[in-house]
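This is final.txt (compact mmCIF, C-alpha atoms).
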```txt
# COMPACT_ATOMS: atom_id res chain seq x y z
CA PHE P 157 -94.93 59.69 -135.68
CA ALA P 158 -92.55 62.24 -137.18
CA ARG P 159 -92.58 64.11 -133.87
CA PHE P 160 -92.04 60.87 -131.98
CA VAL P 161 -88.95 59.78 -133.92
CA GLY P 162 -87.66 63.29 -134.70
CA ALA P 163 -87.56 62.88 -138.48
CA LYS P 164 -89.36 64.23 -141.53
CA GLU P 165 -91.97 62.21 -143.38
CA ALA P 166 -89.72 61.79 -146.41
CA ASP P 167 -86.99 60.30 -144.19
CA ILE P 168 -89.40 57.87 -142.49
CA ILE P 169 -91.09 56.18 -145.46
CA GLY P 170 -89.43 52.89 -146.34
CA LYS P 171 -87.62 52.60 -143.00
CA THR P 172 -88.33 50.32 -140.03
CA ASP P 173 -88.68 50.91 -136.31
CA TYR P 174 -85.07 49.78 -135.88
CA ASP P 175 -83.91 52.87 -137.80
CA PHE P 176 -85.40 55.23 -135.24
CA VAL P 177 -85.78 53.69 -131.78
CA SER P 178 -83.80 51.40 -129.51
CA ALA P 179 -83.64 47.73 -130.46
CA GLU P 180 -85.57 46.89 -127.29
CA LEU P 181 -88.45 49.22 -128.16
CA ALA P 182 -88.40 48.14 -131.81
CA ASP P 183 -88.61 44.49 -130.67
CA LEU P 184 -91.68 45.40 -128.61
CA PHE P 185 -93.37 47.11 -131.57
CA CYS P 186 -92.57 44.11 -133.79
CA SER P 187 -94.02 41.70 -131.23
CA TYR P 188 -97.32 43.61 -131.39
CA ASP P 189 -97.27 43.41 -135.22
CA ARG P 190 -96.40 39.72 -135.15
CA LYS P 191 -99.30 38.99 -132.80
CA VAL P 192 -101.74 40.69 -135.18
CA MET P 193 -100.34 38.80 -138.19
CA LEU P 194 -100.52 35.44 -136.41
CA THR P 195 -104.01 35.86 -134.94
CA GLY P 196 -105.59 38.11 -137.56
CA GLN P 197 -107.12 40.03 -134.65
CA GLN P 198 -106.78 43.69 -133.67
CA SER P 199 -104.54 44.38 -130.68
CA VAL P 200 -104.70 47.35 -128.33
CA ASN P 201 -101.63 48.24 -126.28
CA GLU P 202 -100.44 51.05 -124.02
CA GLU P 203 -96.91 52.32 -124.51
CA CYS P 204 -94.97 54.94 -122.57
CA VAL P 205 -92.80 56.84 -125.06
CA THR P 206 -90.57 59.91 -125.16
CA PHE P 207 -90.97 62.18 -128.17
CA ALA P 208 -87.61 62.87 -129.84
CA VAL P 209 -88.52 66.44 -130.85
CA ASP P 210 -89.27 67.88 -127.39
CA GLN P 211 -88.50 65.00 -124.97
CA GLN P 212 -92.12 65.01 -123.80
CA VAL P 213 -93.14 61.74 -122.18
CA ALA P 214 -96.54 60.45 -123.19
CA LEU P 215 -98.70 57.40 -122.74
CA LEU P 216 -99.97 56.19 -126.09
CA GLU P 217 -102.79 53.81 -126.83
CA THR P 218 -101.82 51.95 -129.99
CA LYS P 219 -104.31 49.96 -132.03
CA LYS P 220 -102.95 47.53 -134.61
CA THR P 221 -105.54 46.34 -137.11
CA PRO P 222 -105.00 43.70 -139.83
CA LEU P 223 -105.56 44.91 -143.40
CA ARG P 224 -106.93 42.41 -145.91
CA ASP P 225 -107.40 42.36 -149.69
CA ALA P 226 -110.64 41.46 -151.46
CA GLN P 227 -109.85 37.75 -151.09
CA GLY P 228 -109.30 38.09 -147.32
CA ASN P 229 -105.53 37.73 -147.46
CA LEU P 230 -103.52 39.66 -144.89
CA ILE P 231 -101.63 42.39 -146.75
CA GLY P 232 -100.57 44.70 -143.94
CA ILE P 233 -101.23 46.27 -140.59
CA LEU P 234 -102.76 49.64 -139.83
CA GLY P 235 -101.35 51.16 -136.66
CA ILE P 236 -103.06 54.14 -135.02
CA ALA P 237 -101.68 55.69 -131.85
CA ARG P 238 -103.31 58.36 -129.72
CA ASP P 239 -101.97 60.21 -126.72
CA ILE P 240 -104.02 59.15 -123.68
CA SER P 241 -101.81 60.82 -121.04
CA GLU P 242 -104.41 63.38 -119.94
CA HIS P 243 -107.21 60.81 -120.07
CA LYS P 244 -105.17 58.47 -117.85
CA LYS P 245 -104.42 61.27 -115.36
CA MET P 246 -108.11 62.14 -115.19
CA GLN P 247 -108.99 58.46 -114.73
CA GLU P 248 -106.50 58.14 -111.85
CA LYS P 249 -107.81 61.36 -110.29
CA LEU P 250 -111.40 60.09 -110.43
CA GLN P 251 -110.31 56.74 -109.02
CA HIS P 252 -108.55 58.54 -106.15
CA GLN P 253 -111.62 60.70 -105.48
CA ALA P 254 -113.85 57.62 -105.38
CA ILE P 255 -111.97 56.09 -102.44
CA THR P 256 -110.78 59.10 -100.42
CA ASP P 257 -112.42 61.62 -98.16
CA GLU P 258 -112.11 64.98 -99.91
CA LEU P 259 -111.33 66.96 -96.75
CA THR P 260 -108.77 64.72 -95.04
CA GLY P 261 -107.34 62.64 -97.90
CA ILE P 262 -107.83 59.37 -96.00
CA TYR P 263 -110.22 56.58 -97.02
CA ASN P 264 -113.88 57.56 -97.21
CA ARG P 265 -116.53 55.52 -95.38
CA ARG P 266 -117.45 53.40 -98.39
CA HIS P 267 -113.90 52.37 -99.24
CA PHE P 268 -112.92 51.81 -95.61
CA MET P 269 -115.89 49.45 -95.15
CA PHE P 270 -115.00 47.64 -98.39
CA ARG P 271 -111.37 47.11 -97.33
CA ALA P 272 -112.33 46.19 -93.76
CA GLU P 273 -114.83 43.60 -95.01
CA ALA P 274 -112.14 42.06 -97.22
CA GLU P 275 -109.79 41.85 -94.22
CA ILE P 276 -112.48 40.21 -92.08
CA GLN P 277 -113.07 37.62 -94.81
CA ARG P 278 -109.31 36.98 -95.00
CA ILE P 279 -109.12 36.40 -91.23
CA ARG P 280 -112.12 34.06 -91.32
CA ARG P 281 -110.48 32.03 -94.04
CA TYR P 282 -106.84 31.98 -92.97
CA GLY P 283 -106.93 32.94 -89.31
CA GLY P 284 -105.09 35.74 -87.57
CA MET P 285 -106.20 38.73 -85.56
CA SER P 286 -106.88 42.39 -86.30
CA SER P 287 -108.34 45.12 -84.10
CA LEU P 288 -110.84 47.86 -84.88
CA LEU P 289 -110.65 51.30 -83.27
CA VAL P 290 -113.39 53.90 -83.61
CA LEU P 291 -112.55 57.50 -82.74
CA ASP P 292 -115.14 60.17 -82.08
CA LEU P 293 -114.00 63.75 -81.38
CA ASP P 294 -115.73 64.94 -78.22
CA GLY P 295 -116.86 68.55 -78.25
CA PHE P 296 -116.37 68.91 -81.98
CA LYS P 297 -119.75 70.62 -82.46
CA GLN P 298 -118.61 73.34 -80.05
CA VAL P 299 -115.52 73.97 -82.23
CA ASN P 300 -117.73 74.50 -85.29
CA ASP P 301 -120.24 76.62 -83.35
CA SER P 302 -117.59 78.79 -81.67
CA PHE P 303 -114.99 79.18 -84.40
CA GLY P 304 -116.76 78.25 -87.63
CA HIS P 305 -116.56 75.33 -90.06
CA PRO P 306 -113.18 76.27 -91.61
CA VAL P 307 -111.55 75.84 -88.17
CA GLY P 308 -113.48 72.59 -87.70
CA ASP P 309 -112.12 71.39 -91.04
CA THR P 310 -108.58 72.22 -89.90
CA VAL P 311 -109.14 70.17 -86.72
CA LEU P 312 -110.28 67.14 -88.76
CA GLN P 313 -107.25 67.48 -91.05
CA SER P 314 -104.90 67.77 -88.07
CA VAL P 315 -106.38 64.68 -86.40
CA SER P 316 -105.93 62.75 -89.65
CA GLU P 317 -102.29 63.84 -89.96
CA ILE P 318 -101.54 62.87 -86.34
CA CYS P 319 -103.08 59.44 -86.84
CA LEU P 320 -101.18 58.87 -90.09
CA GLN P 321 -97.90 59.68 -88.30
CA ILE P 322 -98.61 57.08 -85.61
CA LEU P 323 -100.23 54.32 -87.66
CA ARG P 324 -98.34 51.81 -89.78
CA CYS P 325 -98.61 52.17 -93.55
CA ASN P 326 -100.57 48.90 -93.88
CA ASP P 327 -103.22 49.81 -91.27
CA LEU P 328 -106.59 50.92 -92.68
CA PHE P 329 -107.69 54.41 -91.72
CA GLY P 330 -110.89 56.15 -92.77
CA ARG P 331 -113.34 58.90 -91.95
CA ILE P 332 -116.70 57.23 -91.44
CA GLY P 333 -118.77 60.22 -90.33
CA GLY P 334 -118.58 63.94 -89.63
CA GLU P 335 -116.09 63.67 -86.74
CA GLU P 336 -115.84 59.90 -86.61
CA PHE P 337 -112.81 57.93 -87.71
CA ALA P 338 -112.17 54.20 -87.90
CA ILE P 339 -108.86 52.35 -87.86
CA LEU P 340 -108.32 48.69 -88.60
CA LEU P 341 -105.01 47.62 -87.09
CA LEU P 342 -103.90 44.63 -89.12
CA GLU P 343 -102.38 41.63 -87.33
CA THR P 344 -102.84 43.39 -83.98
CA ASP P 345 -104.12 41.89 -80.72
CA PRO P 346 -106.35 43.84 -78.28
CA GLU P 347 -103.49 44.69 -75.90
CA ARG P 348 -101.40 46.27 -78.64
CA ALA P 349 -104.52 47.99 -80.03
CA LYS P 350 -105.16 49.52 -76.58
CA GLN P 351 -101.61 50.94 -76.56
CA VAL P 352 -102.13 52.47 -80.01
CA ALA P 353 -105.49 53.92 -78.91
CA GLU P 354 -103.95 55.49 -75.81
CA ARG P 355 -101.15 56.98 -77.89
CA LEU P 356 -103.61 58.45 -80.38
```
If you convert what's in this file into structure tokens, what do you get?
Amino acid sequence: FARFVGAKEADIIGKTDYDFVSAELADLFCSYDRKVMLTGQQSVNEECVTFAVDQQVALLETKKTPLRDAQGNLIGILGIARDISEHKKMQEKLQHQAITDELTGIYNRRHFMFRAEAEIQRIRRYGGMSSLLVLDLDGFKQVNDSFGHPVGDTVLQSVSEICLQILRCNDLFGRIGGEEFAILLLETDPERAKQVAERL
């Protein structure tokens, strides 16, 4: 906490949040305390803060726990904060890895199918039209056999980049097999889908 507010322990004791942080942030901290006092229940919150000492930005998980005396009366609140920045980054990285194809960076088969199924359900319920394209790279095995797998990987990456340049940001694009790709063109009729396919 001393590092967070940029003060020594002796200068912190007896002060309030309003002595060290903006009124807006102090109001937020107080609202967490007030909630614990009113409900008597622990609260867990995430707060993005900037440390005063070195200006490092961190994501803190703060737990506020009610403290009671022997008779059960609320006498205070224990607040414990821990830096979860690295944990959050790792969580986001794992989440990203779970839905993307490692080689090309586009959706993997599992996530593409999940998103496509959701879109099909939406169309069934609300109407509309979307089109599915499936791309298979002819002669791809010959590329791998003649030039090796690293060159084959480069081809797959290049195809993905070309498709991403042509497709709209809301279209679904995934690698569903070795050299097979699938594209779900949202709100697109067959004629327009044919034009996109020819362009690709």
Skip P:Phe329 itself and residues of its chain fewer than 6 positions away, then list as a ChimeraX atom specification all residues within 8 Å of it, counting only C-alpha atoms.
/P:262-263,268,337-340
Kindly save the residues from that selection, with C-alpha atoms included, as an mmCIF file, in the frame of the given file.
```
data_model
loop_
_atom_site.group_PDB
_atom_site.id
_atom_site.type_symbol
_atom_site.label_atom_id
_atom_site.label_comp_id
_atom_site.auth_asym_id
_atom_site.auth_seq_id
_atom_site.Cartn_x
_atom_site.Cartn_y
_atom_site.Cartn_z
ATOM 1 C CA ILE P 262 -107.830 59.370 -96.000
ATOM 2 C CA TYR P 263 -110.220 56.580 -97.020
ATOM 3 C CA PHE P 268 -112.920 51.810 -95.610
ATOM 4 C CA PHE P 337 -112.810 57.930 -87.710
ATOM 5 C CA ALA P 338 -112.170 54.200 -87.900
ATOM 6 C CA ILE P 339 -108.860 52.350 -87.860
ATOM 7 C CA LEU P 340 -108.320 48.690 -88.600
#
```
Could you check the closest approach to P:Phe207 for each of P:Leu259, P:Val161, P:Val290, P:Ile240 and tell me which residue wins, using only C-alpha atoms?
P:Val161
I'd like the neighbourhood of stretch 292-295 of chain P as a PyMOL selection string, where a residue qualifies if any of its atoms comes within 10 Å (using all atoms listed in the file), though same-chain residues fewer than 6 positions away should be ignored.
chain P and resi 311-312+315+332-338
Using all atoms listed in the file, which residues sit within 9 Å of P:Asn326 once same-chain residues fewer than 3 positions away are excluded, as a ChimeraX atom specification?
/P:323,341-342
Those same residues - C-alpha atoms - I'd like them written as a PDB file, keeping the file's coordinate frame.
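Below is the file out-v3.pdb, written as the result:
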```
ATOM      1  CA  LEU P 323    -100.230  54.320 -87.660  1.00  0.00           C
ATOM      2  CA  LEU P 341    -105.010  47.620 -87.090  1.00  0.00           C
ATOM      3  CA  LEU P 342    -103.900  44.630 -89.120  1.00  0.00           C
TER       4      LEU P 342
END
```
Residue among P:Val209, P:Glu217, P:Arg266, P:Cys186 lying closest to P:Ala163, counting all atoms listed in the file:
P:Val209
